[in-house]
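Next comes final39.tsv, with TSV, C-alpha atoms.
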```
chain	number	residue	atom	x	y	z
A	1	MET	CA	14.69	-13.70	-20.97
A	2	PRO	CA	11.74	-15.30	-22.75
A	3	ASN	CA	9.96	-13.27	-25.41
A	4	LYS	CA	6.74	-12.68	-23.57
A	5	ALA	CA	4.08	-10.28	-24.83
A	6	ARG	CA	3.20	-7.83	-22.09
A	7	TYR	CA	-0.46	-7.96	-21.19
A	8	ARG	CA	-2.12	-4.56	-21.24
A	9	SER	CA	-5.07	-4.10	-18.98
A	10	LYS	CA	-8.08	-2.11	-20.16
A	11	ILE	CA	-7.17	0.82	-17.96
A	12	ARG	CA	-3.60	0.74	-19.29
A	13	ILE	CA	-4.84	0.87	-22.90
A	14	MET	CA	-7.14	3.78	-22.11
A	15	VAL	CA	-4.32	5.64	-20.40
A	16	ASP	CA	-2.02	4.97	-23.37
A	17	ILE	CA	-4.65	6.54	-25.64
A	18	LEU	CA	-5.08	9.51	-23.32
A	19	ARG	CA	-1.33	10.05	-23.18
A	20	VAL	CA	-1.03	10.07	-26.97
A	21	VAL	CA	-3.87	12.58	-27.21
A	22	GLN	CA	-2.30	14.69	-24.47
A	23	LYS	CA	1.11	14.63	-26.15
A	24	GLU	CA	-0.26	15.51	-29.58
A	25	GLY	CA	-2.79	18.08	-28.42
A	26	GLU	CA	-5.50	18.03	-31.09
A	27	THR	CA	-4.88	14.87	-33.02
A	28	ARG	CA	-6.31	12.59	-35.65
A	29	VAL	CA	-7.18	8.95	-35.22
A	30	THR	CA	-4.17	7.69	-37.21
A	31	LYS	CA	-1.66	9.14	-34.76
A	32	ILE	CA	-3.54	7.60	-31.86
A	33	LEU	CA	-3.58	4.25	-33.65
A	34	TYR	CA	0.22	4.19	-33.94
A	35	GLY	CA	0.87	5.80	-30.58
A	36	ALA	CA	-1.37	3.43	-28.62
A	37	ASN	CA	-0.57	0.43	-30.83
A	38	LEU	CA	-4.16	-0.62	-31.41
A	39	SER	CA	-6.27	-1.87	-34.28
A	40	HIS	CA	-8.81	0.52	-35.76
A	41	ASP	CA	-11.80	-1.38	-34.36
A	42	ARG	CA	-10.41	-1.58	-30.86
A	43	LEU	CA	-9.40	2.07	-30.89
A	44	ASN	CA	-12.90	3.12	-31.94
A	45	LYS	CA	-14.34	1.06	-29.10
A	46	TYR	CA	-12.02	2.65	-26.54
A	47	LEU	CA	-12.43	6.16	-27.95
A	48	GLY	CA	-16.19	5.73	-27.67
A	49	GLU	CA	-15.83	4.77	-24.03
A	50	LEU	CA	-13.41	7.61	-23.30
A	51	MET	CA	-15.80	10.10	-24.89
A	52	SER	CA	-18.80	8.71	-23.01
A	53	ARG	CA	-16.80	9.18	-19.79
A	54	GLY	CA	-16.06	12.75	-20.78
A	55	LEU	CA	-12.29	12.25	-20.88
A	56	VAL	CA	-11.87	12.89	-24.61
A	57	THR	CA	-13.78	15.12	-26.97
A	58	SER	CA	-13.91	15.18	-30.75
A	59	PHE	CA	-14.56	17.93	-33.25
A	60	ASP	CA	-14.69	18.21	-37.05
A	61	GLN	CA	-12.42	20.56	-38.95
A	62	GLU	CA	-12.33	20.74	-42.72
A	63	GLY	CA	-14.05	17.39	-42.96
A	64	LEU	CA	-11.57	15.66	-40.62
A	65	THR	CA	-12.23	14.44	-37.10
A	66	PHE	CA	-9.83	15.57	-34.38
A	67	TYR	CA	-9.60	14.38	-30.78
A	68	SER	CA	-8.44	16.28	-27.72
A	69	LEU	CA	-8.38	15.83	-23.96
A	70	THR	CA	-11.06	17.43	-21.83
A	71	ASP	CA	-10.22	19.01	-18.45
A	72	LYS	CA	-11.64	15.88	-16.86
A	73	GLY	CA	-9.29	13.79	-18.99
A	74	LYS	CA	-6.30	15.88	-17.89
A	75	ARG	CA	-7.30	15.53	-14.24
A	76	PHE	CA	-7.76	11.78	-14.70
A	77	LEU	CA	-4.27	11.41	-16.19
A	78	PHE	CA	-2.78	13.42	-13.33
A	79	GLU	CA	-4.54	11.24	-10.74
A	80	PHE	CA	-3.63	8.07	-12.60
A	81	ARG	CA	0.04	9.09	-12.64
A	82	LYS	CA	-0.03	9.32	-8.83
A	83	PHE	CA	-1.64	5.91	-8.41
A	84	GLU	CA	0.66	4.39	-10.99
A	85	ARG	CA	3.67	5.68	-9.03
A	86	PHE	CA	2.16	4.43	-5.79
A	87	ALA	CA	1.62	0.94	-7.22
A	88	GLU	CA	5.08	1.02	-8.76
A	89	ALA	CA	6.62	1.86	-5.37
A	90	PHE	CA	5.17	-1.42	-4.11
A	91	GLY	CA	6.40	-3.25	-7.19
A	92	LEU	CA	2.92	-3.64	-8.66
A	93	GLU	CA	2.27	-3.44	-12.38
A	94	ILE	CA	-0.89	-1.85	-13.69
B	1	MET	CA	-6.03	10.74	31.34
B	2	LEU	CA	-3.69	12.61	29.03
B	3	GLY	CA	-0.96	12.28	31.64
B	4	ALA	CA	-1.20	8.53	31.29
B	5	LEU	CA	-0.30	8.66	27.62
B	6	ARG	CA	3.18	7.36	27.19
B	7	LEU	CA	5.61	8.13	24.41
B	8	ASP	CA	5.05	4.73	22.77
B	9	LEU	CA	1.32	5.40	22.59
B	10	ILE	CA	1.87	8.77	20.95
B	11	LEU	CA	4.25	7.25	18.42
B	12	GLU	CA	1.82	4.42	17.80
B	13	LEU	CA	-1.08	6.82	17.33
B	14	ILE	CA	0.90	8.71	14.66
B	15	SER	CA	1.91	5.41	13.04
B	16	ALA	CA	-1.74	4.32	12.99
B	17	THR	CA	-2.73	7.60	11.32
B	18	VAL	CA	-0.06	7.10	8.65
B	19	SER	CA	-1.24	3.52	8.17
B	20	PHE	CA	-4.81	4.75	7.62
B	21	LEU	CA	-3.54	7.36	5.16
B	22	VAL	CA	-1.59	4.79	3.12
B	23	GLY	CA	-4.62	2.48	3.28
B	24	TYR	CA	-6.92	5.24	2.07
B	25	PHE	CA	-4.54	6.03	-0.79
B	26	SER	CA	-4.41	2.33	-1.71
B	27	LEU	CA	-8.21	2.21	-1.88
B	28	LYS	CA	-8.33	5.32	-4.09
B	29	ALA	CA	-5.68	3.76	-6.32
B	30	TYR	CA	-7.64	0.50	-6.46
B	31	LYS	CA	-10.85	2.31	-7.45
B	32	THR	CA	-9.07	4.06	-10.30
B	33	VAL	CA	-6.69	1.36	-11.45
B	34	GLY	CA	-8.56	-1.83	-10.51
B	35	ASN	CA	-5.48	-3.83	-9.47
B	36	LYS	CA	-6.58	-6.29	-6.74
B	37	ASN	CA	-3.20	-6.13	-5.00
B	38	LEU	CA	-3.92	-2.50	-4.18
B	39	LEU	CA	-7.08	-3.67	-2.45
B	40	TYR	CA	-5.02	-6.15	-0.39
B	41	LEU	CA	-2.63	-3.33	0.52
B	42	TYR	CA	-5.68	-1.33	1.61
B	43	PHE	CA	-6.88	-4.16	3.86
B	44	GLY	CA	-3.37	-4.62	5.24
B	45	PHE	CA	-2.82	-1.00	6.16
B	46	ILE	CA	-6.32	-0.45	7.52
B	47	ILE	CA	-6.16	-3.58	9.72
B	48	LEU	CA	-2.67	-2.60	10.89
B	49	GLY	CA	-3.93	0.90	11.69
B	50	LEU	CA	-6.92	-0.55	13.55
B	51	GLY	CA	-4.62	-2.80	15.58
B	52	MET	CA	-2.43	0.10	16.62
B	53	LEU	CA	-5.41	2.31	17.32
B	54	PHE	CA	-6.97	-0.45	19.41
B	55	ARG	CA	-3.80	-0.70	21.50
B	56	VAL	CA	-3.58	3.07	21.96
B	57	VAL	CA	-7.24	3.48	22.92
B	58	SER	CA	-7.47	0.42	25.16
B	59	LEU	CA	-4.24	1.12	27.06
B	60	THR	CA	-5.04	4.82	27.40
B	61	PHE	CA	-8.46	3.90	28.73
B	62	LEU	CA	-6.97	1.34	31.08
B	63	PHE	CA	-4.33	3.72	32.43
B	64	GLY	CA	-6.90	6.48	32.74
B	65	THR	CA	-9.40	4.45	34.71
B	66	PHE	CA	-6.99	2.23	36.63
B	67	LYS	CA	-6.97	4.31	39.81
B	68	ALA	CA	-10.72	4.78	39.81
B	69	SER	CA	-11.46	1.13	39.14
B	70	GLU	CA	-11.21	-1.65	41.66
B	71	LEU	CA	-9.18	-3.86	39.37
B	72	SER	CA	-6.35	-5.77	40.97
B	73	ILE	CA	-2.87	-5.85	39.43
B	74	PRO	CA	-3.29	-9.47	38.20
B	75	ALA	CA	-6.62	-8.54	36.61
B	76	VAL	CA	-4.99	-5.59	34.82
B	77	LYS	CA	-2.16	-7.87	33.67
B	78	THR	CA	-4.69	-10.32	32.27
B	79	LEU	CA	-6.51	-7.49	30.50
B	80	ILE	CA	-3.26	-6.21	28.99
B	81	ASN	CA	-2.44	-9.75	27.87
B	82	TYR	CA	-5.75	-10.04	26.05
B	83	MET	CA	-5.31	-6.59	24.50
B	84	SER	CA	-1.81	-7.54	23.35
B	85	LEU	CA	-3.19	-10.74	21.89
B	86	ILE	CA	-5.81	-8.89	19.83
B	87	TYR	CA	-3.17	-6.35	18.83
B	88	ILE	CA	-0.67	-8.94	17.62
B	89	LEU	CA	-3.37	-10.97	15.86
B	90	LEU	CA	-4.51	-7.89	13.94
B	91	LYS	CA	-0.88	-7.20	13.06
B	92	ILE	CA	-0.41	-10.75	11.81
B	93	ILE	CA	-3.57	-10.53	9.69
B	94	SER	CA	-2.33	-7.29	8.15
B	95	TYR	CA	1.14	-8.77	7.55
B	96	CYS	CA	-0.54	-11.73	5.83
B	97	PHE	CA	-2.09	-9.28	3.37
B	98	PHE	CA	1.32	-7.67	2.79
B	99	ALA	CA	2.91	-11.10	2.41
B	100	PHE	CA	0.21	-12.06	-0.07
B	101	VAL	CA	0.97	-8.97	-2.18
B	102	ALA	CA	4.70	-9.78	-1.92
B	103	VAL	CA	4.11	-13.40	-2.95
B	104	GLU	CA	2.05	-12.19	-5.91
B	105	GLN	CA	5.08	-10.27	-7.10
B	106	ILE	CA	7.17	-13.39	-7.29
B	107	LYS	CA	6.52	-14.68	-10.80
B	108	GLU	CA	6.48	-18.34	-9.88
B	109	SER	CA	4.13	-17.47	-7.08
B	110	SER	CA	1.75	-19.91	-5.53
B	111	PHE	CA	-0.68	-19.61	-2.72
B	112	LEU	CA	1.26	-22.21	-0.75
B	113	PRO	CA	3.89	-20.05	0.95
B	114	PHE	CA	1.11	-17.78	2.10
B	115	VAL	CA	-0.86	-20.66	3.58
B	116	PHE	CA	2.25	-22.05	5.23
B	117	SER	CA	3.07	-18.70	6.74
B	118	LEU	CA	-0.44	-18.43	8.11
B	119	ALA	CA	-0.82	-21.94	9.45
B	120	PRO	CA	1.36	-21.59	12.57
B	121	VAL	CA	-0.93	-18.83	13.84
B	122	PHE	CA	-3.56	-21.41	14.56
B	123	ILE	CA	-1.17	-24.09	15.71
B	124	TYR	CA	1.13	-22.43	18.16
B	125	HIS	CA	-0.25	-19.49	20.02
B	126	ALA	CA	2.73	-18.52	22.12
B	127	GLN	CA	4.98	-17.59	19.27
B	128	LEU	CA	2.81	-14.91	17.73
B	129	GLU	CA	5.47	-12.23	17.94
B	130	LEU	CA	7.92	-14.51	16.18
B	131	ILE	CA	5.37	-15.32	13.48
B	132	SER	CA	4.67	-11.66	12.85
B	133	PHE	CA	8.43	-11.10	12.66
B	134	VAL	CA	8.85	-13.87	10.06
B	135	LEU	CA	5.99	-12.50	7.99
B	136	ILE	CA	7.14	-8.89	8.03
B	137	CYS	CA	10.73	-10.01	7.44
B	138	PHE	CA	9.58	-11.81	4.30
B	139	VAL	CA	7.73	-8.69	3.16
B	140	ALA	CA	10.75	-6.44	3.86
B	141	ILE	CA	13.09	-8.77	1.92
B	142	GLN	CA	10.65	-8.78	-1.00
B	143	TYR	CA	10.65	-4.97	-1.01
B	144	LEU	CA	14.45	-5.00	-0.87
B	145	PHE	CA	14.47	-7.09	-4.08
B	146	ASN	CA	11.81	-4.79	-5.47
B	147	PHE	CA	14.15	-1.84	-4.88
B	148	LEU	CA	17.20	-3.67	-6.23
B	149	ASN	CA	15.30	-4.62	-9.41
B	150	LYS	CA	14.54	-1.01	-10.21
B	151	ARG	CA	16.08	1.65	-8.02
B	152	SER	CA	13.87	4.58	-7.24
B	153	MET	CA	13.40	6.76	-4.19
B	154	ASP	CA	9.76	5.63	-3.82
B	155	ARG	CA	10.76	1.95	-3.80
B	156	LEU	CA	13.59	2.69	-1.36
B	157	LEU	CA	11.16	4.42	1.00
B	158	VAL	CA	8.75	1.47	0.87
B	159	PHE	CA	11.62	-0.91	1.62
B	160	LEU	CA	12.92	1.28	4.46
B	161	GLY	CA	9.39	1.54	5.85
B	162	PHE	CA	9.00	-2.22	6.10
B	163	ALA	CA	12.63	-2.68	7.17
B	164	PHE	CA	12.19	-0.38	10.16
B	165	ILE	CA	8.92	-2.11	11.06
B	166	THR	CA	10.81	-5.43	10.90
B	167	ILE	CA	13.59	-4.07	13.12
B	168	SER	CA	10.96	-2.93	15.61
B	169	HIS	CA	9.92	-6.56	16.01
B	170	VAL	CA	13.51	-7.51	16.87
B	171	PHE	CA	13.43	-4.90	19.63
B	172	PHE	CA	10.04	-6.16	20.85
B	173	VAL	CA	11.26	-9.76	20.95
B	174	PHE	CA	14.19	-8.77	23.19
B	175	THR	CA	12.15	-6.48	25.43
B	176	PRO	CA	12.01	-9.12	28.23
B	177	VAL	CA	15.82	-9.06	28.28
B	178	ARG	CA	16.10	-5.29	28.37
B	179	THR	CA	13.00	-3.16	28.97
B	180	SER	CA	14.42	-0.06	27.25
B	181	LEU	CA	14.28	-1.93	23.93
B	182	PHE	CA	10.50	-1.55	24.07
B	183	ILE	CA	10.68	2.17	23.33
B	184	PHE	CA	13.35	1.58	20.68
B	185	GLY	CA	10.92	-0.81	19.04
B	186	HIS	CA	8.24	1.86	18.93
B	187	VAL	CA	10.67	4.48	17.66
B	188	SER	CA	11.78	2.08	14.91
B	189	GLN	CA	8.16	1.34	13.96
B	190	PHE	CA	7.44	5.06	13.95
B	191	VAL	CA	10.42	5.75	11.64
B	192	GLY	CA	9.12	3.02	9.32
B	193	PHE	CA	5.74	4.71	9.03
B	194	ILE	CA	7.40	8.09	8.53
B	195	CYS	CA	9.25	6.57	5.53
B	196	LEU	CA	5.88	5.45	4.12
B	197	LEU	CA	4.45	8.90	4.79
B	198	ILE	CA	7.34	10.57	2.92
B	199	MET	CA	6.71	8.20	0.01
B	200	LEU	CA	3.04	9.20	0.04
B	201	PHE	CA	3.90	12.92	0.11
B	202	ARG	CA	6.32	12.50	-2.77
B	203	ILE	CA	3.70	10.70	-4.83
B	204	SER	CA	0.89	13.10	-3.96
B	205	GLY	CA	3.04	15.99	-5.11
B	206	VAL	CA	3.84	14.37	-8.44
B	207	GLU	CA	4.61	16.95	-11.10
B	208	LYS	CA	1.69	18.08	-13.26
B	209	GLY	CA	1.55	16.87	-16.80
B	210	ALA	CA	3.67	13.80	-16.07
```

How does this structure look as structure tokens?
Amino acid sequence: MPNKARYRSKIRIMVDILRVVQKEGETRVTKILYGANLSHDRLNKYLGELMSRGLVTSFDQEGLTFYSLTDKGKRFLFEFRKFERFAEAFGLEI
Amino acid sequence: MLGALRLDLILELISATVSFLVGYFSLKAYKTVGNKNLLYLYFGFIILGLGMLFRVVSLTFLFGTFKASELSIPAVKTLINYMSLIYILLKIISYCFFAFVAVEQIKESSFLPFVFSLAPVFIYHAQLELISFVLICFVAIQYLFNFLNKRSMDRLLVFLGFAFITISHVFFVFTPVRTSLFIFGHVSQFVGFICLLIMLFRISGVEKGA
């Protein structure tokens, strides 16, 4: 099997971020960086988009910024899981 | 008019409804996920559903108005022939979409097999049923490999769905030899769509927080 890097679509990256945030609950950017395997710049770009879509929210606590999923974000992940399974049933990768 | 509805039409109406449901789900998935193959699945299932619905509505209408109309038996036969032609053409178009999605899954895919599979439609009219069989057979085999690659109940249901639809074509092909095979064909097609419906129900009821 050739060593081929798996291409991650934009939606896949955003879902990876959302899943890390969901798993961690209220989390800091460093954990998301490792969990979603992204560079700091790219993560900031995606986090900005996720927040503008209302899927993730941020808040400051003791001078640190934390991120958490909104209800909309939770609903989106739930819906995405269904569509991911549907695509997977037909052998399609997202 | 309702008395004219035959069992095959009822089964086909249910199958068409399931096809629309799967198509609708594919479109929703496409809008969220953005994978073009989901859009092709949507086109395939919607066109297939339209084909079945067309057959149900047109035959029901024909049976319902036959006595009242002054159409002769040969005229009705000709009408049914044209209806069947539209029906099978719509089926072939939808199968082409499914075949395209299946071809896309093959890593060394090219557009060529798809074009080759489509070409005979325009060349040799009389073998439409056979062409649709070849197309759906290809799709079913692809979904068999899909299941064998990674075994899951959802993949098995998709394979079974297309396998039963493929078997229905075998029954339809041999209908001139034995008329009773016609209803077996519709039952098989119906079972295929029920498999797809079960898959859809399983996915729609996916556990929260997954």

| request: Identify all chain B residues at most 6 Å from chain A by counting only C-alpha atoms; ligands do not count. Present them as a VMD selection string. | output: chain B and resid 29 146 154 to 155 203

Atoms to include: C-alpha atoms. Write the selected residues as a PDB file, keeping the file's coordinate frame.
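To be explicit, this is the file written out as again_6.pdb:
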```pdb
ATOM      1  CA  ALA B  29      -5.680   3.760  -6.320  1.00  0.00           C
ATOM      2  CA  ASN B 146      11.810  -4.790  -5.470  1.00  0.00           C
ATOM      3  CA  ASP B 154       9.760   5.630  -3.820  1.00  0.00           C
ATOM      4  CA  ARG B 155      10.760   1.950  -3.800  1.00  0.00           C
ATOM      5  CA  ILE B 203       3.700  10.700  -4.830  1.00  0.00           C
TER       6      ILE B 203
END
```

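Candidate residues B:Pro74, B:Gly44, B:Gly161, B:Gly49 were compared for distance to Phe190 (chain B), and the nearest is B:Gly161, using only C-alpha atoms.
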
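Residue nearest Arg53 (chain A) within the list A:Ala36, A:Thr65, A:Met14, A:Val29: A:Met14 [criterion: smallest interatomic distance, all atoms listed in the file].
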
| field | Atomic separation - CA of Arg28 (chain A) relative to CA of Glu62 (chain A), Å | value | 12.4 Å

| said: Give me the residues near Leu50 (chain B) as a PyMOL selection string, where near means some atom within 10 Å (using all atoms listed in the file) and where sequence neighbours in that chain fewer than 5 positions away do not count. | reply: chain B and resi 16-17+19-20+44-45+55-56+87+90-91+94

Can you tell me, as a PDB file with C-alpha atoms, keeping the file's coordinate frame, which residues sit within 10 Å of (-13.8, 16.5, -31.0) in the file's frame, using only C-alpha atoms?
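Output (result-v2.pdb):
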```
ATOM      1  CA  GLU A  26      -5.500  18.030 -31.090  1.00  0.00           C
ATOM      2  CA  THR A  27      -4.880  14.870 -33.020  1.00  0.00           C
ATOM      3  CA  ARG A  28      -6.310  12.590 -35.650  1.00  0.00           C
ATOM      4  CA  MET A  51     -15.800  10.100 -24.890  1.00  0.00           C
ATOM      5  CA  VAL A  56     -11.870  12.890 -24.610  1.00  0.00           C
ATOM      6  CA  THR A  57     -13.780  15.120 -26.970  1.00  0.00           C
ATOM      7  CA  SER A  58     -13.910  15.180 -30.750  1.00  0.00           C
ATOM      8  CA  PHE A  59     -14.560  17.930 -33.250  1.00  0.00           C
ATOM      9  CA  ASP A  60     -14.690  18.210 -37.050  1.00  0.00           C
ATOM     10  CA  GLN A  61     -12.420  20.560 -38.950  1.00  0.00           C
ATOM     11  CA  LEU A  64     -11.570  15.660 -40.620  1.00  0.00           C
ATOM     12  CA  THR A  65     -12.230  14.440 -37.100  1.00  0.00           C
ATOM     13  CA  PHE A  66      -9.830  15.570 -34.380  1.00  0.00           C
ATOM     14  CA  TYR A  67      -9.600  14.380 -30.780  1.00  0.00           C
ATOM     15  CA  SER A  68      -8.440  16.280 -27.720  1.00  0.00           C
ATOM     16  CA  LEU A  69      -8.380  15.830 -23.960  1.00  0.00           C
ATOM     17  CA  THR A  70     -11.060  17.430 -21.830  1.00  0.00           C
TER      18      THR A  70
END
```

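Excluding region 193-201 of chain B itself and same-chain residues fewer than 4 positions from it, the residues having an atom within 9 Å of it are Phe86 and Ala89 of chain A; Ile14, Ser15, Ala16, Val18, Ser19, Leu21, Val22, Phe25, Met153, Asp154, Arg155, Leu156, Leu157, Val158, Phe159, Leu160, Gly161, Phe162, Phe164, Ile165, Ser188, Gln189, Gly205 and Val206 of chain B, counting only C-alpha atoms.
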